[in-house]
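**Q** This is the structure, below, for whatever I ask next.
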Amino acid sequence: MNKHDNTNDNQIVSWLSENGKIMEEEFCKVFTETIHPLLCINGIFIDRNGIIEDESIIQNEVATMLCEHIKTGVPRRIKDIMEMLRIYCRHDPLPIYEDRILLKNGTLFLDGRFVEEKDFCMNRLPINYSTEAKGIPVWTKFINDLFYPEDIPTVQEYLGNLLIPSTRSQKMMLIKGDGGEGKSRIGIVLKKIMGANMYSGALPSLEKSPYSRGQLEFRLLFLDDDLMLSALPETNNIKTIVTAEAEIDVERKYVQNYQTRIYSRLLAFGNGNLRSLYDKSKGFFRRQLIISTKPVPEGRENDPYLADKLCEEAEQIFWWMFAGLKRLIANNYQYTISERTNRNLTEAMREGTNYEDFAESEGYIEYVPGAKITTEELFEIYKLWCKENASKVGSYNSLSGYFKDNKTKYDIQDSNHIKNNKGRYARGFIGIKPCFDPKQYCY
């Protein structure tokens, strides 16, 4: 080997040429075979422990290997090798299994079997499998103090569903309270259990950022621990993520759009309901589980070490979640929902829209078989109702959509063959009669 100022003459390596040039592909081969086995899927590095959230880990390993033989230009060469690693380790997406949970020391199948073998994966939890039975006294007291008894099964089932990459339940969860109850401690415990499989952020960013879907790739959970109460301008991304069962389009910075599976579940803590500026549809609300916390007892002393104590029980809390998952699957992915949670959803729908209040008001419209009204006339009466009841006017299309969604409830039919006051046919409803002539109130 010829002398070179940035090589070590006493050692010859396969990835370094005689003139000191790095053969990048050979370097990647040696690195992945001897230092850190890797795959790169859609630009994301994974190993046998799942996704690598912090790429500086790989960079440090590359730097250590380089610096044994290279003395100059190391930062630039690290950058080049990282890019080559993405190419060398490129791999098709791995299969997504819903019948097993990948743990730190092996694989737990939902039927109770455990094997120690570990292979490349996207979602391995930093929790060890253990058959040693231990209690969860701190968690049990915390949960019982935080939630009403009839809502605890719902929370247990939802948190359990986070353990596998499945959106079959078609729900997101909002845990709401007046503040100070300690609900954010759940997020701290989940981070301990989920590790890199959990992504924290603001729920509205899923609608505002074009890269939001890409942030959720290979994540089991998206957590918003302080939900903003401002109404969402759009809800399409959130609805798509909650119900996604096939590949959807995602975008990353400097990467061409591609199709991938997103199975991240959404969990938010807040002081109020999730609201939308324009989407008042059942589809927006039916995707939500809204859980109320108990009021904070007067004179309660908060434990500043509660989060630490809860995290000490993380491996046992995992089994509590696992029991909820098995119950959910046994019930065909239908959650145990209390009357309180059902009321919460009804109240959220009423808060998000005034259409139901209008539809069930007196003196404006009545439901008469065979009666006809155009959507334009119905909207004029609705605007009058809003004016007289100090309520905000919603959109024309949303009002029409509400009545179409509730045809069975009000025993009505939608039609595009309703004659208007100009003798032309227009869209409207059969079975609704105005209580007065709407033309005199047009404004």
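Starting from 1 in every chain, residues are counted up; chains themselves are A, B, ... following the order of the structure tokens, and ligands are numbered from 1 as listed.
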Looking only at strand (DSSP E) from DSSP on the backbone, list the matching residues of stretch 115-188 of chain A as a list in words.

**A**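 Restricting stretch 115-188 of chain A to strand (DSSP E) produces Val115, Met172, Met173, Leu174, Ile175 and Lys176 of chain A.
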
**Q** Could you list, with a cut-off of 9 Å and counting only C-alpha atoms, the residues of stretch 38-148 of chain A near stretch 242-260 of chain A, each shown with its nearest atom pair and the distance in Å rounded to one decimal, rows sorted by chain and ascending number, as a tab-separated table?

**A**
residue	atom	partner	partner_atom	distance
A:Asn42	CA	A:Tyr258	CA	8.5
A:Gly43	CA	A:Val255	CA	8.6
A:Pro93	CA	A:Thr260	CA	8.4

**Q** Might you pull out every residue within 12 Å of A:Asp405, with only C-alpha atoms counted and same-chain residues fewer than 6 positions away left off, and present them as a PyMOL selection string?

**A** chain A and resi 280-283+355-356+398-399+411-414

**Q** Emit the selected residues as a JSON list (two decimals), in the first residue's frame, including N, CA, C and O atoms.

**A**
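Printed below is part.json as written:
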[["chain", "number", "residue", "atom", "x", "y", "z"],
["A", 280, "LYS", "N", -69.12, 19.55, 9.29],
["A", 280, "LYS", "CA", -70.10, 19.26, 10.33],
["A", 280, "LYS", "C", -70.73, 17.88, 10.13],
["A", 280, "LYS", "O", -71.77, 17.57, 10.69],
["A", 281, "SER", "N", -70.09, 17.06, 9.33],
["A", 281, "SER", "CA", -70.66, 15.78, 8.94],
["A", 281, "SER", "C", -70.55, 14.76, 10.06],
["A", 281, "SER", "O", -69.72, 14.87, 10.97],
["A", 282, "LYS", "N", -71.41, 13.75, 9.97],
["A", 282, "LYS", "CA", -71.31, 12.63, 10.90],
["A", 282, "LYS", "C", -69.97, 11.94, 10.77],
["A", 282, "LYS", "O", -69.43, 11.42, 11.75],
["A", 283, "GLY", "N", -69.44, 11.90, 9.53],
["A", 283, "GLY", "CA", -68.16, 11.23, 9.30],
["A", 283, "GLY", "C", -67.04, 11.80, 10.13],
["A", 283, "GLY", "O", -66.12, 11.07, 10.52],
["A", 355, "TYR", "N", -77.30, 22.64, 13.34],
["A", 355, "TYR", "CA", -78.30, 22.12, 12.42],
["A", 355, "TYR", "C", -79.35, 21.27, 13.13],
["A", 355, "TYR", "O", -80.53, 21.33, 12.81],
["A", 356, "GLU", "N", -78.91, 20.48, 14.10],
["A", 356, "GLU", "CA", -79.87, 19.64, 14.81],
["A", 356, "GLU", "C", -80.84, 20.49, 15.62],
["A", 356, "GLU", "O", -82.05, 20.21, 15.67],
["A", 398, "SER", "N", -73.42, 22.39, 4.02],
["A", 398, "SER", "CA", -73.40, 21.61, 5.26],
["A", 398, "SER", "C", -74.81, 21.39, 5.79],
["A", 398, "SER", "O", -75.13, 20.32, 6.31],
["A", 399, "LEU", "N", -75.66, 22.42, 5.69],
["A", 399, "LEU", "CA", -77.05, 22.27, 6.11],
["A", 399, "LEU", "C", -77.75, 21.19, 5.28],
["A", 399, "LEU", "O", -78.42, 20.30, 5.82],
["A", 411, "ASP", "N", -87.69, 11.13, 8.61],
["A", 411, "ASP", "CA", -88.62, 10.54, 7.65],
["A", 411, "ASP", "C", -88.82, 11.46, 6.45],
["A", 411, "ASP", "O", -89.96, 11.83, 6.09],
["A", 412, "ILE", "N", -87.73, 11.85, 5.83],
["A", 412, "ILE", "CA", -87.76, 12.73, 4.67],
["A", 412, "ILE", "C", -86.96, 12.10, 3.53],
["A", 412, "ILE", "O", -86.26, 11.10, 3.73],
["A", 413, "GLN", "N", -87.06, 12.71, 2.34],
["A", 413, "GLN", "CA", -86.29, 12.27, 1.18],
["A", 413, "GLN", "C", -85.68, 13.49, 0.51],
["A", 413, "GLN", "O", -86.28, 14.56, 0.48],
["A", 414, "ASP", "N", -84.47, 13.31, -0.02],
["A", 414, "ASP", "CA", -83.90, 14.39, -0.82],
["A", 414, "ASP", "C", -84.27, 14.18, -2.28],
["A", 414, "ASP", "O", -84.46, 13.05, -2.72]]

**Q** Find the residue from A:Pro369, A:Gly73, A:Gly352, A:Gly324 that sits nearest to A:Leu163; use only C-alpha atoms when measuring.

**A**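 For A:Leu163, the nearest of the candidates is A:Gly324.
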
**Q** Can I get the residues of stretch 346-380 of chain A within 10 Å of stretch 268-277 of chain A, each with the closest pair of atoms and their distance in Å to one decimal, using only C-alpha atoms, sorted chain first then ascending number, as a Markdown table?

**A**
| residue | atom | partner | partner_atom | distance |
| --- | --- | --- | --- | --- |
| A:Glu347 | CA | A:Asn273 | CA | 9.2 |
| A:Ala348 | CA | A:Asn273 | CA | 6.2 |
| A:Met349 | CA | A:Arg275 | CA | 9.0 |
| A:Glu351 | CA | A:Arg275 | CA | 8.3 |
| A:Gly352 | CA | A:Arg275 | CA | 6.0 |
| A:Thr353 | CA | A:Ser276 | CA | 9.3 |

**Q** Any chance you could export the current selection's all heavy atoms as a PDB file, in the first residue's frame?

**A**
ATOM      1  N   GLU A 347     -72.981  15.777  22.457  1.00  0.00           N
ATOM      2  CA  GLU A 347     -72.750  17.177  22.818  1.00  0.00           C
ATOM      3  C   GLU A 347     -71.728  17.829  21.895  1.00  0.00           C
ATOM      4  O   GLU A 347     -71.858  19.001  21.543  1.00  0.00           O
ATOM      5  CB  GLU A 347     -72.285  17.259  24.275  1.00  0.00           C
ATOM      6  CG  GLU A 347     -73.371  16.896  25.279  1.00  0.00           C
ATOM      7  CD  GLU A 347     -72.825  16.754  26.698  1.00  0.00           C
ATOM      8  OE1 GLU A 347     -71.603  17.003  26.887  1.00  0.00           O
ATOM      9  OE2 GLU A 347     -73.601  16.370  27.592  1.00  0.00           O
ATOM     10  N   ALA A 348     -70.710  17.072  21.507  1.00  0.00           N
ATOM     11  CA  ALA A 348     -69.705  17.613  20.593  1.00  0.00           C
ATOM     12  C   ALA A 348     -70.328  17.934  19.238  1.00  0.00           C
ATOM     13  O   ALA A 348     -70.002  18.953  18.615  1.00  0.00           O
ATOM     14  CB  ALA A 348     -68.557  16.623  20.421  1.00  0.00           C
ATOM     15  N   MET A 349     -71.230  17.073  18.789  1.00  0.00           N
ATOM     16  CA  MET A 349     -71.907  17.320  17.517  1.00  0.00           C
ATOM     17  C   MET A 349     -72.794  18.559  17.615  1.00  0.00           C
ATOM     18  O   MET A 349     -72.845  19.384  16.695  1.00  0.00           O
ATOM     19  CB  MET A 349     -72.719  16.096  17.107  1.00  0.00           C
ATOM     20  CG  MET A 349     -71.878  14.882  16.771  1.00  0.00           C
ATOM     21  SD  MET A 349     -72.838  13.409  16.364  1.00  0.00           S
ATOM     22  CE  MET A 349     -73.536  13.886  14.799  1.00  0.00           C
ATOM     23  N   GLU A 351     -72.333  21.043  19.667  1.00  0.00           N
ATOM     24  CA  GLU A 351     -71.433  22.189  19.792  1.00  0.00           C
ATOM     25  C   GLU A 351     -70.838  22.559  18.444  1.00  0.00           C
ATOM     26  O   GLU A 351     -70.639  23.735  18.129  1.00  0.00           O
ATOM     27  CB  GLU A 351     -70.309  21.862  20.781  1.00  0.00           C
ATOM     28  CG  GLU A 351     -69.292  22.971  20.960  1.00  0.00           C
ATOM     29  CD  GLU A 351     -68.143  22.544  21.861  1.00  0.00           C
ATOM     30  OE1 GLU A 351     -68.431  21.999  22.956  1.00  0.00           O
ATOM     31  OE2 GLU A 351     -66.981  22.733  21.478  1.00  0.00           O
ATOM     32  N   GLY A 352     -70.557  21.552  17.642  1.00  0.00           N
ATOM     33  CA  GLY A 352     -69.914  21.793  16.354  1.00  0.00           C
ATOM     34  C   GLY A 352     -70.869  22.293  15.292  1.00  0.00           C
ATOM     35  O   GLY A 352     -70.447  22.861  14.292  1.00  0.00           O
ATOM     36  N   THR A 353     -72.162  22.061  15.486  1.00  0.00           N
ATOM     37  CA  THR A 353     -73.138  22.492  14.487  1.00  0.00           C
ATOM     38  C   THR A 353     -74.456  22.806  15.170  1.00  0.00           C
ATOM     39  O   THR A 353     -74.799  22.208  16.193  1.00  0.00           O
ATOM     40  CB  THR A 353     -73.363  21.407  13.426  1.00  0.00           C
ATOM     41  OG1 THR A 353     -74.428  21.820  12.572  1.00  0.00           O
ATOM     42  CG2 THR A 353     -73.728  20.089  14.042  1.00  0.00           C
TER      43      THR A 353
END

**Q** Distance table requested - stretch 97-214 of chain A against stretch 300-304 of chain A, cut-off 12 Å, only C-alpha atoms: one row per qualifying residue with the closest atom pair and its distance in Å to one decimal, ordered by chain and rising residue number, as a tab-separated table.

**A**
residue	atom	partner	partner_atom	distance
A:Val138	CA	A:Asp303	CA	11.3
A:Phe142	CA	A:Asp303	CA	10.9
A:Asp145	CA	A:Arg300	CA	11.0
A:Gly180	CA	A:Asn302	CA	9.1
A:Glu181	CA	A:Asn302	CA	9.3
A:Gly182	CA	A:Asn302	CA	8.8
A:Arg185	CA	A:Pro304	CA	11.0

**Q** Which residue out of A:Met228, A:Ala196, A:Met23, A:Ile432 has the minimum interatomic distance to A:Asp80 when only C-alpha atoms are used?

**A**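 Under the stated criterion, the closest residue is A:Met23.
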
**Q** Using only C-alpha atoms, which residue out of A:Gln170, A:Thr32, A:Asn123, A:Asn332 lies closest to A:Lys239?

**A**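 Result for the nearest residue to A:Lys239: A:Gln170.
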
**Q** Identify, on the basis of only C-alpha atoms, every residue whose closest approach to A:Leu174 does not exceed 7 Å; exclude the query and any residue fewer than 2 positions from it along the same chain; express the result as a list in words.

**A**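 The neighbour list is Met172, Lys176, Leu267, Ala268, Phe269, Leu289, Ile290 and Ile291 of chain A.
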
**Q** Using all heavy atoms, can you write the selected residues to a file as a compact mmCIF listing (two decimals), in the first residue's frame?

**A**
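So the final result, stored in result.txt, reads:
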# COMPACT_ATOMS: atom_id res chain seq x y z
N MET A 172 -60.31 7.65 16.68
CA MET A 172 -59.30 8.40 17.42
C MET A 172 -59.88 8.69 18.79
O MET A 172 -61.09 8.59 18.99
CB MET A 172 -58.96 9.71 16.71
CG MET A 172 -60.09 10.70 16.62
SD MET A 172 -59.59 12.32 15.98
CE MET A 172 -58.62 12.90 17.38
N LYS A 176 -60.63 14.62 27.56
CA LYS A 176 -60.80 16.03 27.90
C LYS A 176 -61.16 16.22 29.36
O LYS A 176 -61.81 15.39 29.99
CB LYS A 176 -61.86 16.67 27.01
CG LYS A 176 -63.27 16.20 27.24
CD LYS A 176 -64.25 17.03 26.43
CE LYS A 176 -65.70 16.67 26.77
NZ LYS A 176 -66.66 17.56 26.11
N LEU A 267 -54.28 10.27 19.33
CA LEU A 267 -54.70 10.45 20.72
C LEU A 267 -54.41 11.89 21.12
O LEU A 267 -53.31 12.39 20.87
CB LEU A 267 -53.96 9.47 21.64
CG LEU A 267 -54.17 9.62 23.15
CD1 LEU A 267 -55.63 9.36 23.52
CD2 LEU A 267 -53.25 8.66 23.92
N ALA A 268 -55.39 12.56 21.73
CA ALA A 268 -55.20 13.96 22.11
C ALA A 268 -55.76 14.20 23.50
O ALA A 268 -56.77 13.59 23.90
CB ALA A 268 -55.87 14.90 21.11
N PHE A 269 -55.09 15.08 24.24
CA PHE A 269 -55.57 15.54 25.54
C PHE A 269 -55.92 17.02 25.40
O PHE A 269 -55.16 17.79 24.80
CB PHE A 269 -54.51 15.39 26.62
CG PHE A 269 -53.91 14.00 26.71
CD1 PHE A 269 -52.54 13.83 26.79
CD2 PHE A 269 -54.72 12.88 26.71
CE1 PHE A 269 -51.98 12.56 26.86
CE2 PHE A 269 -54.18 11.61 26.78
CZ PHE A 269 -52.80 11.45 26.87
N LEU A 289 -63.70 9.03 19.83
CA LEU A 289 -64.08 8.58 21.17
C LEU A 289 -63.71 9.71 22.12
O LEU A 289 -62.53 10.07 22.24
CB LEU A 289 -63.33 7.31 21.56
CG LEU A 289 -63.64 6.02 20.79
CD1 LEU A 289 -62.63 4.95 21.15
CD2 LEU A 289 -65.06 5.55 21.11
N ILE A 290 -64.70 10.28 22.78
CA ILE A 290 -64.46 11.45 23.66
C ILE A 290 -64.66 11.00 25.10
O ILE A 290 -65.79 10.68 25.52
CB ILE A 290 -65.39 12.61 23.30
CG1 ILE A 290 -65.26 12.96 21.81
CG2 ILE A 290 -65.07 13.83 24.16
CD1 ILE A 290 -66.25 14.00 21.33
N ILE A 291 -63.57 10.96 25.86
CA ILE A 291 -63.59 10.49 27.24
C ILE A 291 -63.43 11.67 28.19
O ILE A 291 -62.49 12.47 28.05
CB ILE A 291 -62.47 9.47 27.50
CG1 ILE A 291 -62.52 8.32 26.48
CG2 ILE A 291 -62.54 8.94 28.92
CD1 ILE A 291 -63.76 7.46 26.58

**Q** Could you find all residues in stretch 66-147 of chain A that DSSP calls alpha helix (DSSP H) from the backbone, and write them as a PyMOL selection string?

**A** chain A and resi 66-67+74-88+137-146

**Q** Can you measure atom CA of A:Asp225 to atom CA of A:Pro204 for me? One decimal in Å is fine.

**A**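 Pair atom CA of A:Asp225 / atom CA of A:Pro204 returns 12.3 Å.
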
**Q** Using only C-alpha atoms, which of the listed residues (A:Pro233, A:Gly135, A:Gly187, A:Gly370) sits closest to A:Ile317?

**A** A:Gly135

**Q** How far is it from atom CA of A:Gly431 to atom CA of A:Ala371, in Å with one decimal?

**A** 4.7 Å

**Q** I want to know what sits within 10 Å of A:Gln215, based on only C-alpha atoms, with residues of the same chain fewer than 3 positions away left out; could you give that as a count of residues only?

**A** 16
